[in-house]
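Enquirer: Pasting in a structure now, in structure tokens, and then I'll have a few things to ask.
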Amino acid sequence: MSLHLNHITAGYRRRPVFRDLSLAPIRPGSLVAVVGPNAVGKSTLLKSIAGLLPVVGALTLEGEDMTALSSARRVRDIGYLPQTLPQAIPLVAYETVFSACRAARADWSRQQTEQAIEAVFATLGIRDLALRSLAEMSGGQRQMVGLAQVLVRQPGLMLLDEPTSALDLHWQLNVLNAVHTATSQRGAIALVASHDLNLALRFCDQVLVLSPGGRACLGAPQETLTPELLAQTYGIEARIERCSRGHPIVLADRPLAV
Amino acid sequence: MNRDSPGAELSLTTATADEGGLAHQYRRFVLRRVCCLVALALATVLALLADIASGPSMLGLADVLHGLLNPQAVDAATRVIIEDIRLPYALMAVVVGACLGLAGAEMQTVLNNPLASPFTLGVGAAATLGASLVIVFNVSLFGLAAHVLLPLSAFVFAAAASLLILMLSRTLGASVHSVVLFGIALLFGINAVVGLIQFVADAESLQQIVFWTMGSLARATTDKVAIVTLILALCLPFSLRNAWAMTLLRSGEDQARSLGIRVERLRLVVLMRVSLLTAAAMAFVGEIGFIGLVAPHIARLLLGEDHRFLLPGSALAGAVLLSLSSICSKLLVPGVVLPVGIVTALVGIPLFMALIIGRSRRAIL
């Protein structure tokens, strides 16, 4: 399943956020970090691809025009995790995930659904939360349940808007490992909006850097995230160093004078 | 690139739903909820029987059961009291309570607001306006009698209020919070118009309007009970059909949209259903507050937010509450049957406050 964005204009009715955005095709099995400063349009891009905002241009998934997909196909093939956490209501995690699975995977038998739910709770390491109410969970725990709602459906395209924003380091690693497993095992594509450049460098196959003015740059993380691009995009002086294990890390030294 | 972690060891397709699995645990959890729902249904039946038994001449439970199941076994006076007076009255309390409880639960869900109810957003007030216009101006349309036109007018105005709220919010691209604000503004506006109508009304019409706004089950007849029951029976399956969509909507609007839920359409359909349920309930008994607000909260505390259980649970909680209010209305002042709308508010306020205080305490602890 490959994703292709060609001459895309997207955004809100009176304020398009992107004009004529084109990217090289994103290959099956890719985990792509979508990074950029605040309000640059990361969430807008994900929402547009998810079909929640109008799009003009060619947006194709496996060669098919995404804007022409039926609602059932869209729900089955595209999993979107919004930036907002699931609400703190008296709904237990199991039925939150079950309801999402039921909506997206009406073709599954009850046994298949139960197996998928069992597996996703185990994969994310949140089995102990299954019968806990969302009202009794922390923000991070609710974020994990929201992610389970997406992963359980096993979509070909995952659009995850800041999936680790409420998580501690342990769960950040757990989540990105689970997403990576999903992309590598099933050939799915994951677009993950994030502010954490180090997680992008460590886990992602590609990084899409969105800059103010609607400019976009897609490429391998270590080749794309250069001090020059970081200066242009974020207005910071930064270095790319390597830790004792050889992983590249971004070190932001100071903001550049405007 | 090091990608080792506990999560990466497990595949998404290898787990099984065995006896100790989550599915099994969840089934037991669901069974507890079913038991809770059955207990609410039993409480409704008990409240109904107690409502039939209570009144100026108190009846024993055995007399009530005999009167209902084997009318020939009781004397003629008891039979008349049960069949002609108490039964329509008590059944009306159950079905009206169920309508208001269900309407309140649906409204709170689609507006994502725990304070929403047919009355807090002006839908109930619009029904009162519709009824007041028919009473005061003695309107006659298409040869329809006033007793037919009054509920019809109440429904048309309730539906128009819902549509107005939706249109305003859609035109201005407003959030659900703005919808609530529009509703409250509408409530005050309509109350002002109703006040104006009361000001120009003659004494007899004014008395009818005041009696209507107090809410009373005394106007219940078998035919009216049948009409409200029919509307409830028509609405409930459609409500339950939307149960999954409403559960998803409650957990998060963006996620619900991405799962194919057409949120605007769902809101429109639900608000129309709420108008129908509210108008049907109010048309024959007048204004009865608090049931639509409190019953869904009681059901939520007992059954959680899964709308497969919350919706029927809210209807049952509403039925129990109004039945209990009906019993209180007959017992509070010996020999006098108070308008049930007054008693409902008196019973509803302490209960609602207790719920809010209980919730706050749990949050602190």
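Just remember, in the structure tokens the first chain shown is A, the second B, etc., residues are 1-based per chain, and ligands are 1-based in the order shown.
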I need the residues in stretch 66-183 of chain A that are strand (DSSP E or B) according to DSSP; give them as a VMD selection string.
Expert: chain A and resid 78 to 81 92 133 157 to 161
Enquirer: Using 7 Å as the limit and counting only C-alpha atoms, can you tabulate each residue of chain A that touches chain B, with its shortest atom-to-atom distance in Å and the two atoms involved, as a Markdown table?
Expert:
| residue | atom | partner | partner_atom | distance |
| --- | --- | --- | --- | --- |
| A:Ala50 | CA | B:Ser258 | CA | 6.9 |
| A:Ser71 | CA | B:Gly260 | CA | 6.1 |
| A:Val75 | CA | B:Leu259 | CA | 5.3 |
| A:Tyr80 | CA | B:Ser258 | CA | 6.2 |
| A:Leu81 | CA | B:Gln255 | CA | 6.6 |
| A:Pro82 | CA | B:Asp254 | CA | 6.2 |
| A:Pro86 | CA | B:Ser251 | CA | 5.2 |
| A:Gln87 | CA | B:Ser251 | CA | 5.2 |
| A:Ile89 | CA | B:Glu305 | CA | 6.9 |
| A:Pro90 | CA | B:Gly304 | CA | 4.9 |
| A:Leu91 | CA | B:Glu305 | CA | 5.0 |
| A:Ser99 | CA | B:Trp244 | CA | 6.5 |
| A:Ala100 | CA | B:Leu259 | CA | 6.9 |
| A:Ala103 | CA | B:Leu259 | CA | 6.3 |
| A:Ala104 | CA | B:Leu259 | CA | 6.3 |
| A:Glu114 | CA | B:Ala23 | CA | 6.0 |
| A:Gln115 | CA | B:Thr16 | CA | 5.1 |
| A:Ala116 | CA | B:Thr13 | CA | 6.3 |
| A:Glu118 | CA | B:Ala15 | CA | 6.1 |
| A:Ala119 | CA | B:Ala15 | CA | 4.9 |
| A:Val120 | CA | B:Leu12 | CA | 6.0 |
| A:Thr123 | CA | B:Gly7 | CA | 4.7 |
| A:Leu124 | CA | B:Gly7 | CA | 5.6 |
| A:Gly125 | CA | B:Gly7 | CA | 6.3 |
| A:Asn174 | CA | B:Gly7 | CA | 5.7 |
| A:Asn177 | CA | B:Ala8 | CA | 5.6 |
| A:Ala178 | CA | B:Ala8 | CA | 5.8 |
| A:Thr181 | CA | B:Ala8 | CA | 6.3 |
| A:Arg202 | CA | B:Met1 | CA | 6.3 |
Enquirer: Residues as selected, C-alpha atoms, written as a PDB file, in the first residue's frame, can you do that?
Expert:
ATOM      1  CA  ALA A  50      -7.898  11.081   6.767  1.00  0.00           C
ATOM      2  CA  SER A  71     -16.926   5.397   3.682  1.00  0.00           C
ATOM      3  CA  VAL A  75     -12.797   3.433   7.734  1.00  0.00           C
ATOM      4  CA  TYR A  80      -6.656   8.213  12.422  1.00  0.00           C
ATOM      5  CA  LEU A  81      -5.632   9.081  15.978  1.00  0.00           C
ATOM      6  CA  PRO A  82      -6.614  12.670  16.824  1.00  0.00           C
ATOM      7  CA  PRO A  86     -10.418  10.041  24.457  1.00  0.00           C
ATOM      8  CA  GLN A  87     -12.778  11.746  26.927  1.00  0.00           C
ATOM      9  CA  ILE A  89     -16.069   9.154  30.692  1.00  0.00           C
ATOM     10  CA  PRO A  90     -17.332   5.994  32.420  1.00  0.00           C
ATOM     11  CA  LEU A  91     -16.618   3.768  29.422  1.00  0.00           C
ATOM     12  CA  SER A  99     -16.765  -0.107  19.485  1.00  0.00           C
ATOM     13  CA  ALA A 100     -13.991   1.187  17.171  1.00  0.00           C
ATOM     14  CA  ALA A 103     -17.346   0.274  13.308  1.00  0.00           C
ATOM     15  CA  ALA A 104     -14.301  -0.364  11.131  1.00  0.00           C
ATOM     16  CA  GLU A 114     -11.962 -10.598  20.274  1.00  0.00           C
ATOM     17  CA  GLN A 115      -8.594 -11.981  19.185  1.00  0.00           C
ATOM     18  CA  ALA A 116      -7.579  -8.653  17.661  1.00  0.00           C
ATOM     19  CA  GLU A 118      -6.738  -9.287  23.046  1.00  0.00           C
ATOM     20  CA  ALA A 119      -3.639  -8.899  20.852  1.00  0.00           C
ATOM     21  CA  VAL A 120      -3.625  -5.122  20.769  1.00  0.00           C
ATOM     22  CA  THR A 123       1.088  -5.562  22.294  1.00  0.00           C
ATOM     23  CA  LEU A 124       0.685  -2.166  23.908  1.00  0.00           C
ATOM     24  CA  GLY A 125       1.184  -3.647  27.394  1.00  0.00           C
ATOM     25  CA  ASN A 174       6.479   1.004  23.661  1.00  0.00           C
ATOM     26  CA  ASN A 177       7.796  -0.109  18.780  1.00  0.00           C
ATOM     27  CA  ALA A 178       4.170  -1.223  18.379  1.00  0.00           C
ATOM     28  CA  THR A 181       5.867  -3.660  14.295  1.00  0.00           C
ATOM     29  CA  ARG A 202      15.657   6.786  16.073  1.00  0.00           C
TER      30      ARG A 202
END
Enquirer: Excluding A:Ile8 and residues on its chain fewer than 4 positions from it, collect all residues at most 12 Å away from it, counting only C-alpha atoms, and give them as a list of chain:residue names.
Expert: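 The neighbour list is A:His4, A:Pro16, A:Val17, A:Phe18, A:Arg19, A:Asp20, A:Leu21, A:Ser22, A:Leu23, A:Leu45, A:Ser48, A:Ile49, A:Pro54, A:Val55, A:Val56, A:Gly57, A:Ala58, A:Leu59, A:Thr60, A:Thr67, A:Gly214, A:Ala216.
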Enquirer: Could you write those residues out with C-alpha atoms, as a tab-separated table (two decimals), in the first residue's frame?
Expert:
chain	number	residue	atom	x	y	z
A	4	HIS	CA	1.07	9.55	-3.04
A	16	PRO	CA	-5.74	26.88	2.94
A	17	VAL	CA	-2.76	25.66	4.96
A	18	PHE	CA	-1.03	23.93	2.02
A	19	ARG	CA	-1.01	25.00	-1.60
A	20	ASP	CA	0.22	22.68	-4.33
A	21	LEU	CA	2.04	20.31	-1.96
A	22	SER	CA	3.70	17.35	-3.71
A	23	LEU	CA	5.72	14.56	-2.11
A	45	LEU	CA	-2.16	17.42	6.79
A	48	SER	CA	-6.83	16.07	5.19
A	49	ILE	CA	-5.40	12.65	4.34
A	54	PRO	CA	-11.55	18.92	2.03
A	55	VAL	CA	-8.62	18.31	-0.32
A	56	VAL	CA	-7.96	19.49	-3.86
A	57	GLY	CA	-5.34	17.59	-5.90
A	58	ALA	CA	-4.30	13.98	-6.37
A	59	LEU	CA	-4.27	11.97	-3.15
A	60	THR	CA	-3.84	8.29	-3.92
A	67	THR	CA	-11.27	11.26	-2.12
A	214	GLY	CA	3.93	25.60	3.15
A	216	ALA	CA	7.88	20.47	2.78
Enquirer: As a list in words, please: the residues near B:Pro114 (cut-off 10 Å, only C-alpha atoms, same-chain neighbours under 4 positions excluded).
Expert: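 Non-adjacent residues within range: Gly104, Ala105, Met107, Gln108, Thr109, Leu293, Val294, Pro296 and His297 of chain B.
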Enquirer: Taking 5 positions as the minimum chain separation for residues in the same chain, which residues sit within 10 Å of A:Val192 when counting only C-alpha atoms? Answer as a PDB file with all heavy atoms, in the first residue's frame.
Expert:
ATOM      1  N   LEU A  31       7.518   4.078   8.152  1.00  0.00           N
ATOM      2  CA  LEU A  31       7.118   4.839   9.339  1.00  0.00           C
ATOM      3  C   LEU A  31       7.688   6.241   9.145  1.00  0.00           C
ATOM      4  O   LEU A  31       8.900   6.426   9.120  1.00  0.00           O
ATOM      5  CB  LEU A  31       7.685   4.170  10.596  1.00  0.00           C
ATOM      6  CG  LEU A  31       7.496   4.859  11.945  1.00  0.00           C
ATOM      7  CD1 LEU A  31       6.061   5.263  12.169  1.00  0.00           C
ATOM      8  CD2 LEU A  31       7.946   3.923  13.069  1.00  0.00           C
ATOM      9  N   VAL A  32       6.792   7.204   8.935  1.00  0.00           N
ATOM     10  CA  VAL A  32       7.210   8.566   8.566  1.00  0.00           C
ATOM     11  C   VAL A  32       6.865   9.531   9.694  1.00  0.00           C
ATOM     12  O   VAL A  32       5.700   9.600  10.116  1.00  0.00           O
ATOM     13  CB  VAL A  32       6.497   9.019   7.268  1.00  0.00           C
ATOM     14  CG1 VAL A  32       6.962  10.415   6.855  1.00  0.00           C
ATOM     15  CG2 VAL A  32       6.718   8.023   6.150  1.00  0.00           C
ATOM     16  N   ALA A  33       7.855  10.245  10.184  1.00  0.00           N
ATOM     17  CA  ALA A  33       7.593  11.290  11.178  1.00  0.00           C
ATOM     18  C   ALA A  33       7.239  12.577  10.454  1.00  0.00           C
ATOM     19  O   ALA A  33       7.890  12.935   9.478  1.00  0.00           O
ATOM     20  CB  ALA A  33       8.827  11.505  12.037  1.00  0.00           C
ATOM     21  N   VAL A  34       6.176  13.238  10.921  1.00  0.00           N
ATOM     22  CA  VAL A  34       5.800  14.539  10.363  1.00  0.00           C
ATOM     23  C   VAL A  34       6.166  15.575  11.421  1.00  0.00           C
ATOM     24  O   VAL A  34       5.576  15.592  12.507  1.00  0.00           O
ATOM     25  CB  VAL A  34       4.290  14.594  10.042  1.00  0.00           C
ATOM     26  CG1 VAL A  34       3.923  15.942   9.426  1.00  0.00           C
ATOM     27  CG2 VAL A  34       3.899  13.459   9.106  1.00  0.00           C
ATOM     28  N   VAL A  35       7.183  16.376  11.134  1.00  0.00           N
ATOM     29  CA  VAL A  35       7.666  17.337  12.134  1.00  0.00           C
ATOM     30  C   VAL A  35       7.585  18.760  11.585  1.00  0.00           C
ATOM     31  O   VAL A  35       7.438  18.964  10.379  1.00  0.00           O
ATOM     32  CB  VAL A  35       9.114  17.014  12.583  1.00  0.00           C
ATOM     33  CG1 VAL A  35       9.206  15.610  13.167  1.00  0.00           C
ATOM     34  CG2 VAL A  35      10.088  17.173  11.428  1.00  0.00           C
ATOM     35  N   LYS A  42       0.785  20.312  10.644  1.00  0.00           N
ATOM     36  CA  LYS A  42       0.968  18.853  10.780  1.00  0.00           C
ATOM     37  C   LYS A  42      -0.395  18.161  10.953  1.00  0.00           C
ATOM     38  O   LYS A  42      -0.712  17.199  10.257  1.00  0.00           O
ATOM     39  CB  LYS A  42       1.859  18.534  11.999  1.00  0.00           C
ATOM     40  CG  LYS A  42       3.250  19.140  11.939  1.00  0.00           C
ATOM     41  CD  LYS A  42       4.116  18.709  13.094  1.00  0.00           C
ATOM     42  CE  LYS A  42       3.685  19.264  14.438  1.00  0.00           C
ATOM     43  NZ  LYS A  42       3.788  20.733  14.530  1.00  0.00           N
ATOM     44  N   SER A  43      -1.178  18.690  11.900  1.00  0.00           N
ATOM     45  CA  SER A  43      -2.490  18.085  12.152  1.00  0.00           C
ATOM     46  C   SER A  43      -3.401  18.257  10.944  1.00  0.00           C
ATOM     47  O   SER A  43      -4.158  17.345  10.590  1.00  0.00           O
ATOM     48  CB  SER A  43      -3.144  18.733  13.374  1.00  0.00           C
ATOM     49  OG  SER A  43      -2.346  18.522  14.509  1.00  0.00           O
ATOM     50  N   LEU A  46      -2.611  15.601   8.367  1.00  0.00           N
ATOM     51  CA  LEU A  46      -3.130  14.283   8.729  1.00  0.00           C
ATOM     52  C   LEU A  46      -4.650  14.231   8.585  1.00  0.00           C
ATOM     53  O   LEU A  46      -5.209  13.261   8.086  1.00  0.00           O
ATOM     54  CB  LEU A  46      -2.725  13.911  10.166  1.00  0.00           C
ATOM     55  CG  LEU A  46      -1.224  13.760  10.447  1.00  0.00           C
ATOM     56  CD1 LEU A  46      -1.008  13.081  11.803  1.00  0.00           C
ATOM     57  CD2 LEU A  46      -0.515  12.953   9.377  1.00  0.00           C
ATOM     58  N   LEU A  81      -5.642   8.796  14.537  1.00  0.00           N
ATOM     59  CA  LEU A  81      -5.632   9.081  15.978  1.00  0.00           C
ATOM     60  C   LEU A  81      -5.573  10.593  16.158  1.00  0.00           C
ATOM     61  O   LEU A  81      -4.567  11.218  15.823  1.00  0.00           O
ATOM     62  CB  LEU A  81      -4.411   8.438  16.647  1.00  0.00           C
ATOM     63  CG  LEU A  81      -4.247   8.753  18.144  1.00  0.00           C
ATOM     64  CD1 LEU A  81      -5.301   8.028  18.971  1.00  0.00           C
ATOM     65  CD2 LEU A  81      -2.856   8.386  18.631  1.00  0.00           C
ATOM     66  N   MET A 158      -1.899   4.479   8.784  1.00  0.00           N
ATOM     67  CA  MET A 158      -2.142   5.007  10.140  1.00  0.00           C
ATOM     68  C   MET A 158      -1.704   6.461  10.185  1.00  0.00           C
ATOM     69  O   MET A 158      -0.572   6.779   9.793  1.00  0.00           O
ATOM     70  CB  MET A 158      -1.364   4.196  11.180  1.00  0.00           C
ATOM     71  CG  MET A 158      -1.908   2.791  11.354  1.00  0.00           C
ATOM     72  SD  MET A 158      -0.982   1.852  12.566  1.00  0.00           S
ATOM     73  CE  MET A 158       0.449   1.417  11.641  1.00  0.00           C
ATOM     74  N   LEU A 159      -2.590   7.323  10.646  1.00  0.00           N
ATOM     75  CA  LEU A 159      -2.296   8.748  10.769  1.00  0.00           C
ATOM     76  C   LEU A 159      -2.374   9.100  12.249  1.00  0.00           C
ATOM     77  O   LEU A 159      -3.470   9.164  12.811  1.00  0.00           O
ATOM     78  CB  LEU A 159      -3.313   9.558   9.958  1.00  0.00           C
ATOM     79  CG  LEU A 159      -3.423   9.149   8.486  1.00  0.00           C
ATOM     80  CD1 LEU A 159      -4.701   9.667   7.861  1.00  0.00           C
ATOM     81  CD2 LEU A 159      -2.208   9.639   7.708  1.00  0.00           C
ATOM     82  N   LEU A 160      -1.227   9.249  12.875  1.00  0.00           N
ATOM     83  CA  LEU A 160      -1.193   9.390  14.329  1.00  0.00           C
ATOM     84  C   LEU A 160      -0.719  10.794  14.695  1.00  0.00           C
ATOM     85  O   LEU A 160       0.420  11.171  14.430  1.00  0.00           O
ATOM     86  CB  LEU A 160      -0.258   8.337  14.941  1.00  0.00           C
ATOM     87  CG  LEU A 160      -0.466   6.895  14.444  1.00  0.00           C
ATOM     88  CD1 LEU A 160       0.571   5.955  15.049  1.00  0.00           C
ATOM     89  CD2 LEU A 160      -1.864   6.400  14.764  1.00  0.00           C
ATOM     90  N   ASP A 161      -1.631  11.556  15.281  1.00  0.00           N
ATOM     91  CA  ASP A 161      -1.323  12.955  15.592  1.00  0.00           C
ATOM     92  C   ASP A 161      -0.801  13.047  17.033  1.00  0.00           C
ATOM     93  O   ASP A 161      -1.569  12.949  17.984  1.00  0.00           O
ATOM     94  CB  ASP A 161      -2.590  13.808  15.412  1.00  0.00           C
ATOM     95  CG  ASP A 161      -2.266  15.283  15.285  1.00  0.00           C
ATOM     96  OD1 ASP A 161      -1.106  15.655  15.549  1.00  0.00           O
ATOM     97  OD2 ASP A 161      -3.170  16.052  14.925  1.00  0.00           O
ATOM     98  N   GLU A 162       0.489  13.216  17.152  1.00  0.00           N
ATOM     99  CA  GLU A 162       1.175  13.292  18.447  1.00  0.00           C
ATOM    100  C   GLU A 162       0.752  12.153  19.385  1.00  0.00           C
ATOM    101  O   GLU A 162       0.202  12.394  20.457  1.00  0.00           O
ATOM    102  CB  GLU A 162       0.931  14.654  19.105  1.00  0.00           C
ATOM    103  CG  GLU A 162       1.432  15.801  18.222  1.00  0.00           C
ATOM    104  CD  GLU A 162       1.609  17.095  18.975  1.00  0.00           C
ATOM    105  OE1 GLU A 162       1.807  17.034  20.206  1.00  0.00           O
ATOM    106  OE2 GLU A 162       1.573  18.153  18.337  1.00  0.00           O
ATOM    107  N   PRO A 163       1.029  10.910  18.988  1.00  0.00           N
ATOM    108  CA  PRO A 163       0.558   9.764  19.785  1.00  0.00           C
ATOM    109  C   PRO A 163       1.300   9.590  21.103  1.00  0.00           C
ATOM    110  O   PRO A 163       0.873   8.790  21.938  1.00  0.00           O
ATOM    111  CB  PRO A 163       0.826   8.572  18.862  1.00  0.00           C
ATOM    112  CG  PRO A 163       1.969   9.003  18.014  1.00  0.00           C
ATOM    113  CD  PRO A 163       1.793  10.481  17.809  1.00  0.00           C
ATOM    114  N   THR A 164       2.407  10.320  21.293  1.00  0.00           N
ATOM    115  CA  THR A 164       3.179  10.130  22.522  1.00  0.00           C
ATOM    116  C   THR A 164       3.188  11.395  23.388  1.00  0.00           C
ATOM    117  O   THR A 164       3.965  11.488  24.331  1.00  0.00           O
ATOM    118  CB  THR A 164       4.641   9.731  22.194  1.00  0.00           C
ATOM    119  OG1 THR A 164       5.208  10.742  21.360  1.00  0.00           O
ATOM    120  CG2 THR A 164       4.719   8.398  21.480  1.00  0.00           C
ATOM    121  N   LEU A 176       6.031   3.480  19.932  1.00  0.00           N
ATOM    122  CA  LEU A 176       6.707   3.532  18.636  1.00  0.00           C
ATOM    123  C   LEU A 176       7.154   2.142  18.184  1.00  0.00           C
ATOM    124  O   LEU A 176       7.150   1.849  16.992  1.00  0.00           O
ATOM    125  CB  LEU A 176       7.880   4.510  18.688  1.00  0.00           C
ATOM    126  CG  LEU A 176       7.372   5.956  18.677  1.00  0.00           C
ATOM    127  CD1 LEU A 176       8.448   6.936  19.041  1.00  0.00           C
ATOM    128  CD2 LEU A 176       6.787   6.315  17.312  1.00  0.00           C
ATOM    129  N   VAL A 179       3.978   0.576  16.750  1.00  0.00           N
ATOM    130  CA  VAL A 179       3.665   1.137  15.426  1.00  0.00           C
ATOM    131  C   VAL A 179       4.655   0.595  14.392  1.00  0.00           C
ATOM    132  O   VAL A 179       4.279   0.214  13.284  1.00  0.00           O
ATOM    133  CB  VAL A 179       3.700   2.688  15.471  1.00  0.00           C
ATOM    134  CG1 VAL A 179       3.529   3.268  14.074  1.00  0.00           C
ATOM    135  CG2 VAL A 179       2.614   3.221  16.395  1.00  0.00           C
ATOM    136  N   ALA A 200      12.019  10.683  16.152  1.00  0.00           N
ATOM    137  CA  ALA A 200      11.944  10.593  14.689  1.00  0.00           C
ATOM    138  C   ALA A 200      13.254  10.024  14.123  1.00  0.00           C
ATOM    139  O   ALA A 200      13.244   9.145  13.266  1.00  0.00           O
ATOM    140  CB  ALA A 200      11.671  11.970  14.107  1.00  0.00           C
ATOM    141  N   CYS A 204      12.098   6.298  12.846  1.00  0.00           N
ATOM    142  CA  CYS A 204      11.375   6.466  11.586  1.00  0.00           C
ATOM    143  C   CYS A 204      12.250   6.189  10.371  1.00  0.00           C
ATOM    144  O   CYS A 204      13.457   6.445  10.379  1.00  0.00           O
ATOM    145  CB  CYS A 204      10.788   7.872  11.513  1.00  0.00           C
ATOM    146  SG  CYS A 204       9.564   8.123  12.807  1.00  0.00           S
ATOM    147  N   VAL A 207      11.410  11.163   7.301  1.00  0.00           N
ATOM    148  CA  VAL A 207      10.877  12.286   8.058  1.00  0.00           C
ATOM    149  C   VAL A 207      10.364  13.327   7.061  1.00  0.00           C
ATOM    150  O   VAL A 207      10.994  13.576   6.028  1.00  0.00           O
ATOM    151  CB  VAL A 207      11.937  12.877   9.029  1.00  0.00           C
ATOM    152  CG1 VAL A 207      13.139  13.426   8.284  1.00  0.00           C
ATOM    153  CG2 VAL A 207      11.336  13.950   9.902  1.00  0.00           C
ATOM    154  N   LEU A 208       9.171  13.852   7.355  1.00  0.00           N
ATOM    155  CA  LEU A 208       8.591  14.914   6.530  1.00  0.00           C
ATOM    156  C   LEU A 208       8.647  16.193   7.354  1.00  0.00           C
ATOM    157  O   LEU A 208       7.991  16.301   8.396  1.00  0.00           O
ATOM    158  CB  LEU A 208       7.135  14.566   6.177  1.00  0.00           C
ATOM    159  CG  LEU A 208       6.307  15.662   5.508  1.00  0.00           C
ATOM    160  CD1 LEU A 208       6.915  16.065   4.165  1.00  0.00           C
ATOM    161  CD2 LEU A 208       4.868  15.191   5.296  1.00  0.00           C
TER     162      LEU A 208
END
Enquirer: To one decimal place in Å, what is the distance between atom CA of B:Ala39 and atom CA of B:Gly97?
Expert: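 Atom-to-atom, atom CA of B:Ala39 to atom CA of B:Gly97, that is 17.0 Å.
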Enquirer: What gap, in Å, lies between atom CA of A:His170 and atom CA of A:Ile249?
Expert: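 Taking atom CA of A:His170 as the start and atom CA of A:Ile249 as the end point, the length is 17.9 Å.
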